[in-house]
$ cat target.tsv   # TSV, C-alpha atoms and all ligand atoms
chain	number	residue	atom	x	y	z
G	2	MET	CA	-75.22	108.96	82.10
G	3	SER	CA	-75.71	109.51	78.38
G	4	VAL	CA	-76.71	106.77	76.00
G	5	GLU	CA	-73.31	107.03	74.31
G	6	SER	CA	-71.37	106.59	77.51
G	7	VAL	CA	-73.45	103.56	78.50
G	8	GLU	CA	-72.53	102.06	75.13
G	9	SER	CA	-68.84	102.73	75.47
G	10	VAL	CA	-68.47	101.15	78.92
G	11	GLU	CA	-70.52	98.05	78.13
G	12	PRO	CA	-68.24	95.08	78.87
G	13	ILE	CA	-67.91	92.48	76.13
G	14	ARG	CA	-69.16	89.10	77.29
G	15	GLN	CA	-67.64	86.10	75.60
G	16	SER	CA	-69.75	84.23	73.09
G	17	ARG	CA	-70.79	80.74	74.10
G	18	VAL	CA	-70.87	79.57	70.49
G	19	ARG	CA	-68.74	80.69	67.57
G	20	HIS	CA	-70.85	81.08	64.45
G	21	SER	CA	-69.49	80.91	60.94
G	22	PRO	CA	-69.32	84.25	59.17
G	23	ILE	CA	-72.75	85.22	57.87
G	24	SER	CA	-74.10	88.10	55.89
G	25	VAL	CA	-74.95	91.08	58.04
G	26	SER	CA	-76.61	94.35	57.11
G	27	PHE	CA	-77.39	97.51	59.05
G	28	GLU	CA	-80.35	99.81	58.67
G	29	PHE	CA	-80.24	103.58	59.20
G	30	PHE	CA	-82.77	106.37	58.98
G	31	PRO	CA	-81.72	109.49	57.06
G	32	PRO	CA	-80.71	112.11	59.65
G	33	LYS	CA	-82.52	115.45	59.80
G	34	THR	CA	-79.83	117.67	61.31
G	35	ALA	CA	-76.16	118.39	60.67
G	36	GLU	CA	-75.42	116.84	64.06
G	37	GLY	CA	-77.34	113.70	63.06
G	38	VAL	CA	-75.35	113.48	59.84
G	39	GLU	CA	-72.08	113.64	61.79
G	40	LYS	CA	-73.27	111.05	64.27
G	41	LEU	CA	-74.30	108.69	61.48
G	42	ARG	CA	-70.87	109.07	59.83
G	43	ALA	CA	-69.22	107.90	63.06
G	44	THR	CA	-71.72	105.04	63.43
G	45	ARG	CA	-71.14	103.92	59.86
G	46	LYS	CA	-67.38	104.03	60.26
G	47	GLN	CA	-67.59	101.77	63.29
G	48	LEU	CA	-70.04	99.33	61.67
G	49	ALA	CA	-68.06	99.21	58.41
G	50	GLN	CA	-65.36	97.36	60.37
G	51	LEU	CA	-67.78	94.43	60.67
G	52	ASN	CA	-67.71	94.11	56.89
G	53	PRO	CA	-71.45	94.26	56.28
G	54	LYS	CA	-73.04	93.11	53.04
G	55	PHE	CA	-74.87	96.45	52.80
G	56	PHE	CA	-76.20	99.44	54.70
G	57	SER	CA	-79.85	100.23	54.07
G	58	VAL	CA	-81.49	103.63	54.48
G	59	THR	CA	-85.19	104.06	55.21
G	60	PHE	CA	-87.61	106.11	53.14
G	61	GLY	CA	-90.21	108.27	54.91
G	62	ALA	CA	-93.91	107.76	54.31
G	63	GLY	CA	-95.08	109.22	51.02
G	64	GLY	CA	-91.54	110.15	49.96
G	65	SER	CA	-91.05	112.63	52.81
G	66	THR	CA	-87.33	111.80	53.10
G	67	ARG	CA	-86.66	111.34	49.39
G	68	ASP	CA	-83.73	113.79	49.21
G	69	ARG	CA	-82.24	112.84	52.58
G	70	THR	CA	-82.44	109.13	51.77
G	71	LEU	CA	-80.67	109.75	48.47
G	72	GLU	CA	-78.05	111.96	50.11
G	73	THR	CA	-77.30	109.35	52.79
G	74	VAL	CA	-77.11	106.55	50.25
G	75	ARG	CA	-74.80	108.59	48.01
G	76	GLU	CA	-72.41	109.16	50.89
G	77	ILE	CA	-72.36	105.45	51.78
G	78	GLN	CA	-71.63	104.49	48.15
G	79	ALA	CA	-68.93	107.15	47.89
G	80	ASP	CA	-67.21	105.60	50.91
G	81	GLY	CA	-67.09	102.26	49.11
G	82	SER	CA	-69.88	100.35	50.87
G	83	ASP	CA	-72.97	98.86	49.23
G	84	ALA	CA	-76.00	101.01	49.97
G	85	ALA	CA	-79.58	99.86	49.61
G	86	PRO	CA	-82.19	102.63	49.76
G	87	HIS	CA	-85.67	101.67	50.90
G	88	LEU	CA	-88.40	102.72	48.50
G	89	SER	CA	-92.07	102.77	49.46
G	90	CYS	CA	-94.80	103.13	46.87
G	91	ILE	CA	-98.06	104.01	48.60
G	92	GLY	CA	-99.15	107.52	47.66
G	93	SER	CA	-96.79	107.57	44.65
G	94	THR	CA	-97.35	107.72	40.92
G	95	GLU	CA	-95.55	105.51	38.43
G	96	ALA	CA	-93.82	108.63	37.08
G	97	SER	CA	-92.41	109.59	40.48
G	98	ILE	CA	-91.15	106.06	41.17
G	99	ARG	CA	-89.61	105.93	37.69
G	100	ASP	CA	-87.81	109.19	38.47
G	101	ILE	CA	-86.35	107.78	41.68
G	102	LEU	CA	-85.28	104.54	39.98
G	103	ASN	CA	-83.52	106.49	37.25
G	104	GLU	CA	-81.78	108.65	39.83
G	105	TYR	CA	-80.55	105.56	41.71
G	106	LYS	CA	-79.42	103.93	38.47
G	107	SER	CA	-77.45	107.01	37.52
G	108	GLN	CA	-75.75	106.90	40.95
G	109	GLY	CA	-74.70	103.29	40.38
G	110	ILE	CA	-77.00	101.96	43.09
G	111	ARG	CA	-77.97	98.35	42.44
G	112	HIS	CA	-79.79	97.30	45.58
G	113	LEU	CA	-83.24	98.31	46.90
G	114	VAL	CA	-85.61	97.45	49.72
G	115	ALA	CA	-89.06	97.65	48.07
G	116	LEU	CA	-92.04	98.36	50.33
G	117	ARG	CA	-95.62	99.45	50.29
G	118	GLY	CA	-95.15	101.85	53.21
G	119	ASP	CA	-97.90	103.41	55.28
G	120	LEU	CA	-99.72	106.63	54.45
G	121	PRO	CA	-99.61	109.24	57.22
G	122	SER	CA	-103.04	109.39	58.90
G	123	GLY	CA	-105.37	111.85	57.20
G	124	THR	CA	-103.73	111.37	53.78
G	125	MET	CA	-106.37	110.28	51.29
G	126	ASP	CA	-104.56	109.80	47.98
G	127	ALA	CA	-103.20	106.25	47.79
G	128	GLY	CA	-101.53	106.91	44.43
G	129	GLU	CA	-101.02	104.35	41.68
G	130	PHE	CA	-99.70	101.46	43.77
G	131	ASN	CA	-101.66	99.44	46.30
G	132	TYR	CA	-99.19	96.81	47.47
G	133	ALA	CA	-95.48	96.11	47.46
G	134	ASN	CA	-95.82	93.27	44.90
G	135	GLU	CA	-96.96	95.93	42.39
G	136	LEU	CA	-93.85	97.98	43.15
G	137	VAL	CA	-91.56	94.97	42.69
G	138	ALA	CA	-93.26	94.16	39.36
G	139	PHE	CA	-92.91	97.79	38.26
G	140	ILE	CA	-89.20	97.90	39.17
G	141	ARG	CA	-88.59	94.71	37.17
G	142	LYS	CA	-90.60	96.04	34.20
G	143	GLU	CA	-88.72	99.34	34.18
G	144	THR	CA	-85.20	98.24	35.06
G	145	GLY	CA	-84.96	94.49	34.38
G	146	ASP	CA	-82.31	92.85	36.55
G	147	TRP	CA	-80.45	96.06	37.41
G	148	PHE	CA	-81.53	96.02	41.06
G	149	GLU	CA	-81.21	93.34	43.69
G	150	ILE	CA	-84.58	93.66	45.45
G	151	GLU	CA	-85.28	92.95	49.10
G	152	VAL	CA	-88.85	92.88	50.42
G	153	ALA	CA	-90.39	92.81	53.90
G	154	ALA	CA	-91.66	89.66	55.63
G	155	TYR	CA	-93.68	89.29	58.83
G	156	PRO	CA	-93.14	86.16	60.93
G	157	GLU	CA	-95.73	87.46	63.43
G	158	VAL	CA	-98.12	88.56	60.64
G	159	HIS	CA	-98.53	92.06	59.20
G	160	PRO	CA	-100.96	94.01	61.43
G	161	GLN	CA	-103.40	94.65	58.57
G	162	ALA	CA	-103.39	91.10	57.23
G	163	ARG	CA	-106.67	89.21	57.27
G	164	SER	CA	-104.97	85.97	58.28
G	165	TYR	CA	-101.58	84.30	58.57
G	166	THR	CA	-102.25	82.33	55.39
G	167	GLU	CA	-103.31	85.35	53.33
G	168	ASP	CA	-100.27	87.26	54.54
G	169	MET	CA	-98.03	84.39	53.46
G	170	ILE	CA	-99.72	84.26	50.04
G	171	ASN	CA	-99.19	88.01	49.73
G	172	PHE	CA	-95.54	87.54	50.66
G	173	LYS	CA	-95.29	85.00	47.83
G	174	ARG	CA	-96.73	87.57	45.39
G	175	LYS	CA	-93.67	89.77	46.05
G	176	VAL	CA	-91.32	86.87	45.49
G	177	ASP	CA	-93.12	85.85	42.28
G	178	ALA	CA	-92.89	89.49	41.11
G	179	GLY	CA	-89.09	89.28	41.33
G	180	ALA	CA	-87.80	89.83	44.87
G	181	ASN	CA	-84.34	88.34	45.52
G	182	ALA	CA	-84.42	88.24	49.31
G	183	ALA	CA	-86.53	89.24	52.30
G	184	ILE	CA	-85.87	91.00	55.59
G	185	THR	CA	-88.29	90.35	58.42
G	186	GLN	CA	-90.00	92.70	60.80
G	187	TYR	CA	-88.27	92.33	64.16
G	188	PHE	CA	-89.53	89.79	66.68
G	189	PHE	CA	-88.35	88.30	69.96
G	190	ASN	CA	-89.70	84.79	69.49
G	191	ALA	CA	-87.32	82.68	67.39
G	192	ASP	CA	-90.00	80.01	66.83
G	193	ALA	CA	-92.17	82.54	64.97
G	194	TYR	CA	-89.29	82.97	62.50
G	195	PHE	CA	-88.59	79.25	62.12
G	196	GLY	CA	-92.29	78.48	61.57
G	197	PHE	CA	-92.59	81.26	59.00
G	198	VAL	CA	-89.55	80.07	57.04
G	199	GLU	CA	-90.79	76.49	57.09
G	200	ASP	CA	-94.23	77.52	55.79
G	201	ALA	CA	-92.65	79.72	53.12
G	202	ARG	CA	-90.55	76.77	51.90
G	203	VAL	CA	-93.69	74.61	51.69
G	204	LEU	CA	-95.22	77.27	49.41
G	205	GLY	CA	-92.15	77.07	47.17
G	206	ILE	CA	-90.54	80.32	48.36
G	207	SER	CA	-86.82	79.71	48.20
G	208	ILE	CA	-85.28	83.19	48.61
G	209	PRO	CA	-83.18	83.96	51.71
G	210	ILE	CA	-85.31	85.28	54.57
G	211	VAL	CA	-83.05	87.31	56.85
G	212	PRO	CA	-84.28	88.06	60.37
G	213	GLY	CA	-84.55	91.72	61.29
G	214	ILE	CA	-82.99	92.33	64.70
G	215	MET	CA	-83.98	95.17	67.02
G	216	PRO	CA	-81.51	95.77	69.85
G	217	ILE	CA	-83.34	96.82	73.01
G	218	GLY	CA	-82.33	100.29	74.18
G	219	ASN	CA	-85.34	102.20	75.39
G	220	TYR	CA	-88.36	100.24	76.61
G	221	VAL	CA	-90.97	103.00	76.17
G	222	GLN	CA	-89.88	103.59	72.58
G	223	LEU	CA	-89.74	99.86	71.85
G	224	ALA	CA	-93.26	99.30	73.23
G	225	ARG	CA	-94.64	102.17	71.13
G	226	PHE	CA	-92.93	100.90	67.96
G	227	SER	CA	-94.01	97.33	68.57
G	228	ASP	CA	-97.65	98.27	69.03
G	229	ALA	CA	-97.57	100.21	65.76
G	230	CYS	CA	-95.86	97.58	63.63
G	231	GLY	CA	-97.38	94.45	65.12
G	232	ALA	CA	-94.17	93.03	66.61
G	233	GLU	CA	-94.92	91.13	69.77
G	234	ILE	CA	-92.96	91.71	72.97
G	235	PRO	CA	-93.56	88.50	74.93
G	236	ARG	CA	-95.19	89.01	78.32
G	237	TRP	CA	-92.14	87.80	80.27
G	238	LEU	CA	-89.92	90.26	78.40
G	239	ARG	CA	-92.36	93.16	78.78
G	240	LYS	CA	-92.67	92.54	82.54
G	241	LYS	CA	-88.94	92.22	83.04
G	242	LEU	CA	-88.21	95.40	81.08
G	243	GLU	CA	-90.95	97.27	82.96
G	244	SER	CA	-89.39	96.21	86.25
G	245	TYR	CA	-86.26	98.26	85.47
G	246	GLY	CA	-88.29	101.51	85.37
G	247	ASP	CA	-86.06	104.24	83.95
G	248	ASP	CA	-82.81	102.44	84.78
G	249	LEU	CA	-81.52	102.66	81.20
G	250	ALA	CA	-78.23	100.91	81.90
G	251	SER	CA	-79.98	97.80	83.25
G	252	ILE	CA	-82.47	97.78	80.36
G	253	ARG	CA	-79.57	97.89	77.92
G	254	ALA	CA	-77.55	95.21	79.69
G	255	PHE	CA	-80.54	92.87	79.93
G	256	GLY	CA	-81.61	93.72	76.36
G	257	LEU	CA	-78.17	92.79	75.05
G	258	ASP	CA	-78.41	89.38	76.75
G	259	VAL	CA	-81.90	88.73	75.35
G	260	VAL	CA	-81.13	89.82	71.80
G	261	THR	CA	-77.76	88.03	71.71
G	262	ASP	CA	-79.49	84.80	72.79
G	263	LEU	CA	-82.13	85.35	70.10
G	264	CYS	CA	-79.46	85.81	67.40
G	265	ASP	CA	-77.60	82.77	68.72
G	266	ARG	CA	-80.73	80.63	68.31
G	267	LEU	CA	-81.52	82.07	64.89
G	268	LEU	CA	-78.04	81.39	63.53
G	269	ALA	CA	-77.85	77.94	65.12
G	270	GLY	CA	-81.22	77.19	63.44
G	271	GLY	CA	-79.96	78.18	59.98
G	272	ALA	CA	-80.83	81.88	59.55
G	273	PRO	CA	-78.81	83.08	56.53
G	274	GLY	CA	-77.81	86.39	58.09
G	275	LEU	CA	-78.87	89.21	60.38
G	276	HIS	CA	-80.25	92.65	59.55
G	277	PHE	CA	-79.91	95.11	62.42
G	278	TYR	CA	-82.32	97.99	62.97
G	279	THR	CA	-79.57	100.20	64.36
G	280	MET	CA	-81.53	103.40	65.14
G	281	ASN	CA	-78.30	105.03	63.89
G	282	GLN	CA	-76.27	103.65	66.81
G	283	ALA	CA	-73.27	101.37	66.46
G	284	GLY	CA	-72.84	100.21	70.07
G	285	PRO	CA	-75.60	97.60	70.54
G	286	SER	CA	-75.15	95.88	67.14
G	287	THR	CA	-71.37	95.78	67.58
G	288	THR	CA	-71.62	94.28	71.06
G	289	ILE	CA	-74.07	91.62	69.88
G	290	TRP	CA	-71.79	90.84	66.94
G	291	GLN	CA	-68.78	90.43	69.22
G	292	ARG	CA	-70.66	88.29	71.71
G	293	LEU	CA	-71.78	86.01	68.88
G	294	GLY	CA	-68.16	85.51	67.97
G	295	LEU	CA	-68.81	86.41	64.35
R	1	LIG	P1	-97.18	94.68	51.49
R	1	LIG	O1	-96.32	93.53	51.19
R	1	LIG	O2	-97.89	95.36	50.35
R	1	LIG	O3	-98.26	94.18	52.57
R	1	LIG	C1	-99.10	95.11	53.26
R	1	LIG	C2	-100.39	94.43	53.68
R	1	LIG	O4	-101.21	94.17	52.54
R	1	LIG	C3	-100.21	93.05	54.34
R	1	LIG	O5	-101.23	92.94	55.31
R	1	LIG	C4	-100.43	92.06	53.22
R	1	LIG	O6	-100.91	90.80	53.66
R	1	LIG	C5	-101.45	92.79	52.34
R	1	LIG	N1	-101.23	92.55	50.90
R	1	LIG	C6	-100.03	92.55	50.26
R	1	LIG	N2	-100.21	92.37	48.94
R	1	LIG	C7	-101.54	92.23	48.73
R	1	LIG	C8	-102.33	92.02	47.57
R	1	LIG	N3	-101.78	91.93	46.35
R	1	LIG	N4	-103.69	91.94	47.72
R	1	LIG	C9	-104.25	92.05	48.96
R	1	LIG	N5	-103.55	92.26	50.09
R	1	LIG	C10	-102.20	92.36	49.98
R	1	LIG	N6	-91.93	101.75	56.00
R	1	LIG	C11	-91.59	102.95	55.48
R	1	LIG	O7	-92.45	103.85	55.35
R	1	LIG	N7	-90.29	103.22	55.11
R	1	LIG	C12	-89.31	102.31	55.20
R	1	LIG	O8	-88.16	102.58	54.86
R	1	LIG	C13	-89.64	101.01	55.73
R	1	LIG	N8	-88.71	100.03	55.83
R	1	LIG	C14	-89.07	98.78	56.26
R	1	LIG	C15	-88.10	97.76	56.26
R	1	LIG	C16	-88.44	96.47	56.68
R	1	LIG	C17	-87.40	95.40	56.65
R	1	LIG	C18	-89.77	96.21	57.15
R	1	LIG	C19	-90.12	94.84	57.65
R	1	LIG	C20	-90.73	97.22	57.15
R	1	LIG	C21	-90.40	98.51	56.70
R	1	LIG	N9	-91.33	99.53	56.64
R	1	LIG	C22	-90.99	100.77	56.13
R	1	LIG	C23	-92.70	99.32	57.11
R	1	LIG	C24	-93.65	98.89	55.98
R	1	LIG	O9	-93.78	99.91	55.03
R	1	LIG	C25	-95.01	98.59	56.61
R	1	LIG	O10	-94.92	97.42	57.40
R	1	LIG	C26	-96.18	98.52	55.64
R	1	LIG	O11	-97.38	98.51	56.41
R	1	LIG	C27	-96.20	97.28	54.77
R	1	LIG	O12	-95.25	97.29	53.82
R	1	LIG	P2	-94.97	95.97	52.92
R	1	LIG	O13	-94.00	96.33	51.90
R	1	LIG	O14	-94.71	94.82	53.77
R	1	LIG	O15	-96.45	95.82	52.26
$ encode --input "target.tsv" --output "C-alpha cells" --more "lines below"
Ligand code: FAD
Amino acid sequence: MSVESVESVEPIRQSRVRHSPISVSFEFFPPKTAEGVEKLRATRKQLAQLNPKFFSVTFGAGGSTRDRTLETVREIQADGSDAAPHLSCIGSTEASIRDILNEYKSQGIRHLVALRGDLPSGTMDAGEFNYANELVAFIRKETGDWFEIEVAAYPEVHPQARSYTEDMINFKRKVDAGANAAITQYFFNADAYFGFVEDARVLGISIPIVPGIMPIGNYVQLARFSDACGAEIPRWLRKKLESYGDDLASIRAFGLDVVTDLCDRLLAGGAPGLHFYTMNQAGPSTTIWQRLGL
C-alpha cells in the first residue's frame, strides 16, 4: 500500500478536547523534480484549507536550494498565502545575504526564518557569519522592521551546545538581536518544552515560542533525523515503533495517536501555536488538526 493511500483511508478519530483556534504554520522543503512540485501544490492546497498563519520553506546548507526556495516561496505568495523562506547564514558572505534579502523584499516577502545552518561535512569556509544572532542583527541593520523574523529554539538543547544554560543564553542573543518569534526543534516530551519556556521567561524572553511538531511516518527516517538534530525519541516510543517492524500502516496509526496527544498537552499547557514539519505531505498534519478539534 502506498504512503498516499494509507493517508487517504486513515479514519478520523474524534478529539477529546476542543481547543480554541491557534496559529498554525506548515514547513515544506523546496522540491527537486517536476513531480515533487506538483505534489507540493496539492499538499499546499489541502493545507491552505486549515487557514495557516504561514507556510515556511527550508533553505539547503550553504545556499544549495537558493533558487528553489525562492521559486517555492514566490508560488505560495502568488496564491495569496503568507510565505516565510528560511535563510541560513553559515558559509555566506554579507554581500550574498544582502542580495537574498533584497530579492525577498522586491517580491513583497515580509517574513523569514533566520538560522545559522550546518555546513556540509568537508566544507571549510565558514563565511562571514558564525551564529544565527549575527544573521538576525544583520537583517535588522539592513532592512529595519521590514521582516518578521522567526528563529530556532531547542527545548532538548542544540547538539553542539556546551550546556543547557549556554544554549539558552545563546537563544536570548537571537531575541535581543531582534527576533519576533521562535519555532522549536521537534520533540516528543512535552515537559521539555514547558521547562524551556519557563526558563526563557525567567531570562526575560517574552516572544512566542511555537513548538515544532514532527508527525511520525517512517521510523527509520525519524531515527536517523533525530540522531542528527539532537531530538530525543523516548525509549518507550522507540521500542514501540521498532516493534512494528516495516508495518507502515501501524506505525502511522500509532504515530498519529502519540503526536495528537503531544499537541493536546502542548495546547492545554498554553503553547501559542503549532508548526508542523510536513515533509511535504498534507495527510498527517490534517488528521492531527482534525483530531484536535481545531
Ligand atoms: P544558532 O542559534 O547559531 O546556534 C547554533 C549553536 O551555536 C548552538 O549550540 C548555540 O548554543 C551556539 N551559539 C549560538 N550563538 C552563539 C554565540 N553567539 N556564541 C557562541 N555560541 C553560540 N537548517 C538548514 O540548513 N536549513 C533550514 O531551512 C533549517 N530550518 C530549520 C528550522 C527550524 C525551526 C529549526 C529548529 C532548525 C532548522 N534548521 C535548518 C537546522 C539548523 O540550521 C541547525 O539546527 C543548526 O545547527 C543551528 O542553527 P541555529 O539557527 O539554531 O543556530
$ residues_near_ligand --input "target.tsv" --ligand "ligand LIG 1 (chain R)" --cutoff "6 Å" --atoms "only C-alpha atoms and all ligand atoms" --output "PyMOL selection string"
chain G and resi 59-62+87+89+116-119+132-133+153-154+159+161-162+167-168+171+184-186
$ closest_residue --input "target.tsv" --among "G:Ala201, G:Lys33, G:Leu88, G:Ile252" --to "G:Leu223" --atoms "all atoms listed in the file"
G:Ile252
$ residues_around --input "target.tsv" --residues "G:Asp80" --least-positions-apart "4" --cutoff "12 Å" --atoms "all atoms listed in the file" --output "PyMOL selection string"
chain G and resi 42+45-46+49+56+73-76+84
$ write_last_selection --input "target.tsv" --atoms "C-alpha atoms" --output "mmCIF file, keeping the file's coordinate frame"
data_model
loop_
_atom_site.group_PDB
_atom_site.id
_atom_site.type_symbol
_atom_site.label_atom_id
_atom_site.label_comp_id
_atom_site.auth_asym_id
_atom_site.auth_seq_id
_atom_site.Cartn_x
_atom_site.Cartn_y
_atom_site.Cartn_z
ATOM 1 C CA ARG G 42 -70.870 109.070 59.830
ATOM 2 C CA ARG G 45 -71.140 103.920 59.860
ATOM 3 C CA LYS G 46 -67.380 104.030 60.260
ATOM 4 C CA ALA G 49 -68.060 99.210 58.410
ATOM 5 C CA PHE G 56 -76.200 99.440 54.700
ATOM 6 C CA THR G 73 -77.300 109.350 52.790
ATOM 7 C CA VAL G 74 -77.110 106.550 50.250
ATOM 8 C CA ARG G 75 -74.800 108.590 48.010
ATOM 9 C CA GLU G 76 -72.410 109.160 50.890
ATOM 10 C CA ALA G 84 -76.000 101.010 49.970
#
$ residues_around --input "target.tsv" --residues "G:Ile23" --least-positions-apart "2" --cutoff "12 Å" --atoms "only C-alpha atoms" --output "list in words"
Arg19, His20, Ser21, Val25, Ser26, Leu51, Asn52, Pro53, Lys54, Val211, Cys264, Leu267, Leu268, Ala269, Gly271, Ala272, Pro273, Gly274, Leu275, His276, Trp290, Leu293, Gly294 and Leu295 of chain G
$ write_last_selection --input "target.tsv" --atoms "C-alpha atoms" --output "short mmCIF file (atom, residue, chain, number, x, y, z; two decimals), keeping the file's coordinate frame"
data_model
loop_
_atom_site.label_atom_id
_atom_site.label_comp_id
_atom_site.auth_asym_id
_atom_site.auth_seq_id
_atom_site.Cartn_x
_atom_site.Cartn_y
_atom_site.Cartn_z
CA ARG G 19 -68.74 80.69 67.57
CA HIS G 20 -70.85 81.08 64.45
CA SER G 21 -69.49 80.91 60.94
CA VAL G 25 -74.95 91.08 58.04
CA SER G 26 -76.61 94.35 57.11
CA LEU G 51 -67.78 94.43 60.67
CA ASN G 52 -67.71 94.11 56.89
CA PRO G 53 -71.45 94.26 56.28
CA LYS G 54 -73.04 93.11 53.04
CA VAL G 211 -83.05 87.31 56.85
CA CYS G 264 -79.46 85.81 67.40
CA LEU G 267 -81.52 82.07 64.89
CA LEU G 268 -78.04 81.39 63.53
CA ALA G 269 -77.85 77.94 65.12
CA GLY G 271 -79.96 78.18 59.98
CA ALA G 272 -80.83 81.88 59.55
CA PRO G 273 -78.81 83.08 56.53
CA GLY G 274 -77.81 86.39 58.09
CA LEU G 275 -78.87 89.21 60.38
CA HIS G 276 -80.25 92.65 59.55
CA TRP G 290 -71.79 90.84 66.94
CA LEU G 293 -71.78 86.01 68.88
CA GLY G 294 -68.16 85.51 67.97
CA LEU G 295 -68.81 86.41 64.35
#
$ closest_residue --input "target.tsv" --among "G:Gln108, G:Asn190, G:Thr94, G:Asn219" --to "G:Gly128" --atoms "all atoms listed in the file"
G:Thr94
$ residues_around --input "target.tsv" --residues "G:Glu243" --least-positions-apart "6" --cutoff "10 Å" --atoms "all atoms listed in the file" --output "list in words"
Tyr220, Val221, Trp237 and Ile252 of chain G
$ atom_distance --input "target.tsv" --atom1 "atom CA of G:Tyr194" --atom2 "atom CA of G:Phe148"
26.3 Å
$ atom_distance --input "target.tsv" --atom1 "atom CA of G:Leu204" --atom2 "atom CA of G:Ala182"
15.4 Å
$ residues_near_point --input "target.tsv" --point "(-95.3, 103.5, 64.6)" --cutoff "12 Å" --atoms "only C-alpha atoms" --output "mmCIF file with C-alpha atoms, in the coordinates of the input"
data_model
loop_
_atom_site.group_PDB
_atom_site.id
_atom_site.type_symbol
_atom_site.label_atom_id
_atom_site.label_comp_id
_atom_site.auth_asym_id
_atom_site.auth_seq_id
_atom_site.Cartn_x
_atom_site.Cartn_y
_atom_site.Cartn_z
ATOM 1 C CA GLY G 61 -90.210 108.270 54.910
ATOM 2 C CA ALA G 62 -93.910 107.760 54.310
ATOM 3 C CA GLY G 118 -95.150 101.850 53.210
ATOM 4 C CA ASP G 119 -97.900 103.410 55.280
ATOM 5 C CA LEU G 120 -99.720 106.630 54.450
ATOM 6 C CA PRO G 121 -99.610 109.240 57.220
ATOM 7 C CA SER G 122 -103.040 109.390 58.900
ATOM 8 C CA PRO G 160 -100.960 94.010 61.430
ATOM 9 C CA GLN G 222 -89.880 103.590 72.580
ATOM 10 C CA LEU G 223 -89.740 99.860 71.850
ATOM 11 C CA ALA G 224 -93.260 99.300 73.230
ATOM 12 C CA ARG G 225 -94.640 102.170 71.130
ATOM 13 C CA PHE G 226 -92.930 100.900 67.960
ATOM 14 C CA SER G 227 -94.010 97.330 68.570
ATOM 15 C CA ASP G 228 -97.650 98.270 69.030
ATOM 16 C CA ALA G 229 -97.570 100.210 65.760
ATOM 17 C CA CYS G 230 -95.860 97.580 63.630
ATOM 18 C CA GLY G 231 -97.380 94.450 65.120
ATOM 19 C CA ALA G 232 -94.170 93.030 66.610
#
